[in-house]
file target_6.cif (mmCIF, C-alpha atoms)
data_work
#
loop_
_atom_site.label_atom_id
_atom_site.label_comp_id
_atom_site.auth_asym_id
_atom_site.auth_seq_id
_atom_site.Cartn_x
_atom_site.Cartn_y
_atom_site.Cartn_z
CA MET Y 17 78.24 113.27 72.80
CA LYS Y 18 80.77 110.44 73.23
CA THR Y 19 82.74 110.51 76.49
CA LYS Y 20 86.48 110.46 76.01
CA SER Y 21 88.21 107.40 77.49
CA ALA Y 22 90.51 107.82 80.45
CA LEU Y 23 94.19 107.29 79.63
CA ILE Y 24 94.37 104.58 82.30
CA GLU Y 25 91.45 102.75 83.88
CA LEU Y 26 91.41 99.85 86.31
CA ARG Y 27 87.99 98.22 86.65
CA ASP Y 28 87.46 95.97 89.67
CA VAL Y 29 91.06 94.79 89.43
CA SER Y 30 92.19 92.08 91.83
CA LYS Y 31 95.54 90.31 92.07
CA VAL Y 32 95.67 86.99 93.92
CA TYR Y 33 98.73 84.92 94.76
CA GLY Y 34 98.29 81.28 95.74
CA HIS Y 35 95.10 79.19 95.65
CA MET Y 36 92.12 78.51 97.94
CA SER Y 37 93.31 78.36 101.58
CA THR Y 38 96.70 79.88 100.70
CA ALA Y 39 95.26 82.66 98.51
CA THR Y 40 96.53 86.15 99.32
CA TYR Y 41 95.00 89.27 97.78
CA ALA Y 42 97.61 91.86 96.79
CA LEU Y 43 94.79 93.92 95.22
CA LYS Y 44 91.07 93.60 95.82
CA ASN Y 45 88.47 95.21 93.51
CA VAL Y 46 90.52 98.32 92.73
CA ASN Y 47 88.97 101.02 90.53
CA ILE Y 48 91.09 103.89 89.22
CA LYS Y 49 90.74 106.41 86.39
CA ILE Y 50 93.70 108.51 85.33
CA GLN Y 51 93.35 111.21 82.68
CA ARG Y 52 96.10 112.29 80.29
CA GLY Y 53 98.33 114.95 81.86
CA GLU Y 54 97.52 114.13 85.49
CA PHE Y 55 100.18 113.72 88.19
CA ILE Y 56 99.14 110.88 90.48
CA ALA Y 57 100.72 109.75 93.76
CA ILE Y 58 100.09 106.24 95.09
CA MET Y 59 100.73 105.82 98.82
CA GLY Y 60 100.38 103.16 101.46
CA PRO Y 61 102.37 100.99 103.90
CA SER Y 62 104.47 98.02 102.80
CA GLY Y 63 102.26 95.23 101.52
CA SER Y 64 99.34 97.58 100.83
CA GLY Y 65 99.24 96.80 97.10
CA LYS Y 66 100.70 100.02 95.73
CA SER Y 67 103.64 98.34 93.97
CA THR Y 68 101.40 95.62 92.54
CA CYS Y 69 99.12 98.34 91.17
CA MET Y 70 102.13 100.09 89.62
CA ASN Y 71 103.33 96.83 88.05
CA ILE Y 72 99.96 96.24 86.42
CA ILE Y 73 99.78 99.79 85.04
CA GLY Y 74 103.39 99.38 83.83
CA CYS Y 75 102.44 96.18 81.94
CA LEU Y 76 104.91 94.22 84.09
CA ASP Y 77 102.11 92.11 85.62
CA SER Y 78 98.51 91.18 84.84
CA PRO Y 79 95.38 91.21 87.04
CA SER Y 80 93.86 87.96 88.28
CA ASP Y 81 90.42 89.50 87.83
CA GLY Y 82 89.01 92.71 86.41
CA SER Y 83 90.16 94.84 83.48
CA PHE Y 84 93.04 97.21 82.79
CA LEU Y 85 92.30 99.66 79.98
CA PHE Y 86 94.87 101.83 78.21
CA GLU Y 87 93.13 104.53 76.17
CA GLY Y 88 90.16 102.18 75.93
CA LEU Y 89 92.25 99.17 74.87
CA ASN Y 90 91.80 96.17 77.15
CA VAL Y 91 95.40 95.36 78.06
CA THR Y 92 94.25 92.36 80.08
CA GLY Y 93 93.76 90.44 76.85
CA LEU Y 94 97.26 91.11 75.47
CA ASN Y 95 100.03 88.54 75.56
CA ARG Y 96 103.48 89.17 77.01
CA ASN Y 97 105.00 90.35 73.72
CA GLN Y 98 102.11 92.74 73.04
CA ARG Y 99 102.44 94.21 76.53
CA ALA Y 100 106.18 94.66 75.91
CA VAL Y 101 105.43 96.64 72.74
CA LEU Y 102 103.00 98.87 74.65
CA ARG Y 103 105.59 99.35 77.41
CA ARG Y 104 108.37 100.20 74.94
CA ASN Y 105 106.30 102.73 72.96
CA TYR Y 106 104.26 104.52 75.61
CA LEU Y 107 105.84 104.11 79.06
CA GLY Y 108 108.93 105.41 80.82
CA PHE Y 109 110.22 104.12 84.17
CA VAL Y 110 112.16 105.72 87.03
CA PHE Y 111 113.24 103.60 90.02
CA GLN Y 112 114.46 104.27 93.55
CA GLY Y 113 117.78 102.56 92.83
CA PHE Y 114 118.37 104.43 89.53
CA ASN Y 115 119.08 101.13 87.66
CA LEU Y 116 121.87 102.59 85.55
CA LEU Y 117 124.60 100.49 83.91
CA GLY Y 118 127.69 101.14 86.02
CA ARG Y 119 130.40 100.99 83.34
CA THR Y 120 128.38 102.93 80.80
CA SER Y 121 128.38 106.71 80.29
CA ALA Y 122 125.37 108.88 81.07
CA LEU Y 123 124.81 109.37 77.33
CA GLU Y 124 124.93 105.63 76.61
CA ASN Y 125 122.58 104.88 79.52
CA VAL Y 126 120.03 107.31 78.08
CA GLU Y 127 120.44 105.81 74.60
CA LEU Y 128 119.41 102.32 75.77
CA PRO Y 129 115.63 102.53 75.26
CA LEU Y 130 116.26 104.04 71.82
CA ILE Y 131 118.37 101.02 70.88
CA TYR Y 132 115.43 98.77 71.77
CA LYS Y 133 113.22 100.91 69.54
CA GLY Y 134 115.62 100.56 66.61
CA VAL Y 135 116.63 104.25 66.41
CA LYS Y 136 119.77 104.78 64.32
CA ALA Y 137 123.02 105.73 66.06
CA LEU Y 138 123.29 109.41 65.05
CA GLU Y 139 119.67 110.22 65.83
CA ARG Y 140 119.95 108.22 69.05
CA LYS Y 141 122.91 110.29 70.22
CA GLU Y 142 121.14 113.55 69.38
CA MET Y 143 117.97 112.52 71.24
CA ALA Y 144 119.90 111.32 74.30
CA THR Y 145 122.00 114.50 74.39
CA LYS Y 146 118.86 116.64 74.26
CA ALA Y 147 117.24 114.61 77.07
CA LEU Y 148 120.29 115.08 79.29
CA GLU Y 149 120.29 118.81 78.52
CA MET Y 150 116.63 118.93 79.60
CA VAL Y 151 117.53 117.54 83.04
CA GLY Y 152 120.49 119.91 83.43
CA LEU Y 153 123.28 117.43 82.73
CA ALA Y 154 124.74 118.69 79.44
CA ASP Y 155 128.22 118.77 81.01
CA VAL Y 156 128.40 115.13 82.20
CA LEU Y 157 127.56 113.19 79.02
CA SER Y 158 130.69 111.02 79.25
CA HIS Y 159 130.55 110.44 83.02
CA THR Y 160 129.75 106.98 84.39
CA PRO Y 161 127.26 106.62 87.29
CA GLY Y 162 130.15 106.20 89.72
CA GLU Y 163 131.33 109.71 88.84
CA LEU Y 164 127.91 111.24 89.55
CA SER Y 165 126.07 112.14 92.75
CA GLY Y 166 122.83 110.37 93.66
CA GLY Y 167 120.80 113.34 92.46
CA GLN Y 168 122.67 113.40 89.16
CA GLN Y 169 122.17 109.66 88.71
CA GLN Y 170 118.43 110.07 89.18
CA ARG Y 171 118.46 112.87 86.62
CA VAL Y 172 120.14 110.50 84.16
CA ALA Y 173 117.43 107.94 84.94
CA ILE Y 174 114.74 110.55 84.27
CA ALA Y 175 116.42 111.51 80.98
CA ARG Y 176 116.43 107.83 80.02
CA ALA Y 177 112.73 107.58 80.89
CA ILE Y 178 111.67 110.64 78.88
CA VAL Y 179 113.98 110.24 75.86
CA THR Y 180 111.34 108.14 74.04
CA GLN Y 181 108.72 110.85 74.68
CA PRO Y 182 106.40 108.50 76.61
CA LEU Y 183 102.75 109.19 77.35
CA ILE Y 184 103.24 107.98 80.91
CA LEU Y 185 106.14 108.15 83.35
CA LEU Y 186 106.01 105.57 86.15
CA ALA Y 187 108.16 106.59 89.11
CA ASP Y 188 108.69 104.06 91.91
CA GLU Y 189 109.98 105.86 95.04
CA PRO Y 190 112.07 108.23 92.85
CA THR Y 191 113.38 110.18 95.87
CA GLY Y 192 113.85 107.21 98.22
CA ASN Y 193 117.67 107.29 98.06
CA LEU Y 194 118.07 111.08 98.09
CA ASP Y 195 118.37 113.77 100.76
CA SER Y 196 115.66 116.40 101.18
CA LYS Y 197 117.24 119.03 98.92
CA ARG Y 198 117.90 116.59 96.07
CA SER Y 199 114.44 115.08 96.53
CA ARG Y 200 112.78 118.46 96.01
CA GLU Y 201 114.94 119.08 92.92
CA ILE Y 202 113.85 115.76 91.42
CA MET Y 203 110.20 116.46 92.20
CA GLU Y 204 110.42 119.92 90.60
CA LEU Y 205 111.89 118.27 87.52
CA LEU Y 206 109.07 115.71 87.35
CA LYS Y 207 106.51 118.46 87.81
CA LYS Y 208 108.13 120.43 84.99
CA PHE Y 209 107.83 117.52 82.55
CA ASN Y 210 104.27 116.93 83.69
CA LYS Y 211 103.24 120.53 83.00
CA GLU Y 212 105.42 121.45 80.02
CA LYS Y 213 105.42 118.12 78.13
CA ASN Y 214 102.00 116.90 79.32
CA ILE Y 215 103.55 113.62 80.46
CA THR Y 216 101.20 111.75 82.77
CA ILE Y 217 103.09 110.81 85.93
CA ILE Y 218 102.16 107.96 88.26
CA MET Y 219 104.42 107.88 91.32
CA VAL Y 220 104.63 105.45 94.21
CA THR Y 221 105.97 107.17 97.33
CA HIS Y 222 105.85 106.84 101.11
CA GLU Y 223 106.84 110.49 101.62
CA GLU Y 224 103.95 112.89 102.26
CA GLU Y 225 106.00 115.92 101.22
CA MET Y 226 106.70 114.38 97.82
CA ALA Y 227 103.07 113.29 97.34
CA LEU Y 228 101.99 116.94 97.65
CA TYR Y 229 103.50 117.59 94.20
CA ALA Y 230 100.77 115.38 92.72
CA ASP Y 231 97.32 116.50 91.56
CA LYS Y 232 95.66 113.51 93.19
CA ILE Y 233 96.61 110.92 95.83
CA PHE Y 234 95.42 107.31 96.01
CA ARG Y 235 96.05 105.68 99.40
CA PHE Y 236 96.16 101.90 99.62
CA LYS Y 237 95.67 99.59 102.58
CA ASP Y 238 95.35 95.79 102.51
CA GLY Y 239 95.02 95.74 98.74
CA MET Y 240 92.21 98.29 98.60
CA ILE Y 241 91.97 102.03 98.01
CA VAL Y 242 91.01 103.78 101.24
CA GLU Y 243 91.35 107.34 99.88
CA GLY Y 244 90.84 108.53 96.32
CA GLU Y 245 88.67 106.50 93.96
CA LYS Y 246 87.12 103.26 95.20
#
call {"tool": "encode", "arguments": {"input": "target_6.cif", "output": "structure tokens"}}
result
Amino acid sequence: MKTKSALIELRDVSKVYGHMSTATYALKNVNIKIQRGEFIAIMGPSGSGKSTCMNIIGCLDSPSDGSFLFEGLNVTGLNRNQRAVLRRNYLGFVFQGFNLLGRTSALENVELPLIYKGVKALERKEMATKALEMVGLADVLSHTPGELSGGQQQRVAIARAIVTQPLILLADEPTGNLDSKRSREIMELLKKFNKEKNITIIMVTHEEEMALYADKIFRFKDGMIVEGEK
């Protein structure tokens, strides 16, 4: 019986900056398998390699050595434009700093990835409205980020990330700018989408309490996994 491929697999992935005597390993022989529908937390101190790992999985960077497989496809061999297509069609991103356009309404912010995908205006508005309703923001469609709280801004960012119905949601310190109450609300929302929509979530965090929402934790140190898969 044929074994089903992992959704994401890193095989002996290394990332090196510089050459010879100046070479610095951001990642060193990292092996990870992530199945569809899992909620993964990546932890570690600054400079441990967790953000580099996230960037490779998010098709924002490429390994120096090793292979990155997406549903069995070797992404390592794709060019920049091909990686951009993969990113646009299968990945959603949530950042610590929200990354919303300041003079643009919540609805228009959520519509952005649909514009890049060529979705027509009416359908785009309907999809963005539904996404904002799903994160509990049906009443602030016309509000700009400056008129929203930090928690509301992150909800808009999550709506923007899930509006394209991605296979994977990559969350980089999604609660880093929020207080404890708002952080828990955001984590409950992510968990909801993970369970109800089967969206695979890969989250970088330094907060142990937030990492407990995940099914599995990978801890990084000096570019290597010290807990989880090795």
call {"tool": "closest_residue", "arguments": {"input": "target_6.cif", "among": "Y:Gly60, Y:Arg27, Y:Gly34, Y:Arg52", "to": "Ile241 (chain Y)", "atoms": "all atoms listed in the file"}}
result
Y:Gly60
call {"tool": "closest_residue", "arguments": {"input": "target_6.cif", "among": "Y:Phe86, Y:Leu183, Y:Met226, Y:Met143", "to": "Asn214 (chain Y)", "atoms": "all atoms listed in the file"}}
result
Y:Leu183
call {"tool": "residues_around", "arguments": {"input": "target_6.cif", "residues": "region 168-174 of chain Y", "least_positions_apart": "2", "cutoff": "7 Å", "atoms": "only C-alpha atoms", "output": "PyMOL selection string"}}
result
chain Y and resi 110+114+116+122+126+148+151+161+164-166+176-178
call {"tool": "closest_residue", "arguments": {"input": "target_6.cif", "among": "Y:Lys66, Y:Arg200, Y:Lys44, Y:Lys49", "to": "Ile24 (chain Y)", "atoms": "all atoms listed in the file"}}
result
Y:Lys49
call {"tool": "closest_residue", "arguments": {"input": "target_6.cif", "among": "Y:Glu139, Y:Leu85, Y:Thr160, Y:Asn105", "to": "Arg119 (chain Y)", "atoms": "all atoms listed in the file"}}
result
Y:Thr160
call {"tool": "closest_residue", "arguments": {"input": "target_6.cif", "among": "Y:Ala137, Y:Ala144, Y:Ile215, Y:Ile56", "to": "Tyr229 (chain Y)", "atoms": "all atoms listed in the file"}}
result
Y:Ile56
call {"tool": "resolve_selection", "arguments": {"input": "target_6.cif", "expression": "the PyMOL selection byres ((chain Y and resi 46) around 10)", "output": "ChimeraX atom specification"}}
result
/Y:25-31,43-45,47-48,65,69,82-83,236,239-241,245-246
call {"tool": "atom_distance", "arguments": {"input": "target_6.cif", "atom1": "CA of Arg198 (chain Y)", "atom2": "CA of Gly167 (chain Y)"}}
result
5.7 Å
call {"tool": "atom_distance", "arguments": {"input": "target_6.cif", "atom1": "CA of Lys136 (chain Y)", "atom2": "CA of Val179 (chain Y)"}}
result
14.0 Å
call {"tool": "closest_atom_pairs", "arguments": {"input": "target_6.cif", "of": "region 161-234 of chain Y", "to": "region 70-75 of chain Y", "cutoff": "9 Å", "atoms": "only C-alpha atoms", "output": "Markdown table"}}
result
| residue | atom | partner | partner_atom | distance |
| --- | --- | --- | --- | --- |
| Y:Leu186 | CA | Y:Gly74 | CA | 7.1 |
| Y:Ala187 | CA | Y:Met70 | CA | 8.9 |
| Y:Asp188 | CA | Y:Met70 | CA | 8.0 |
| Y:Ile218 | CA | Y:Met70 | CA | 8.0 |
| Y:Met219 | CA | Y:Met70 | CA | 8.3 |
| Y:Val220 | CA | Y:Met70 | CA | 7.5 |
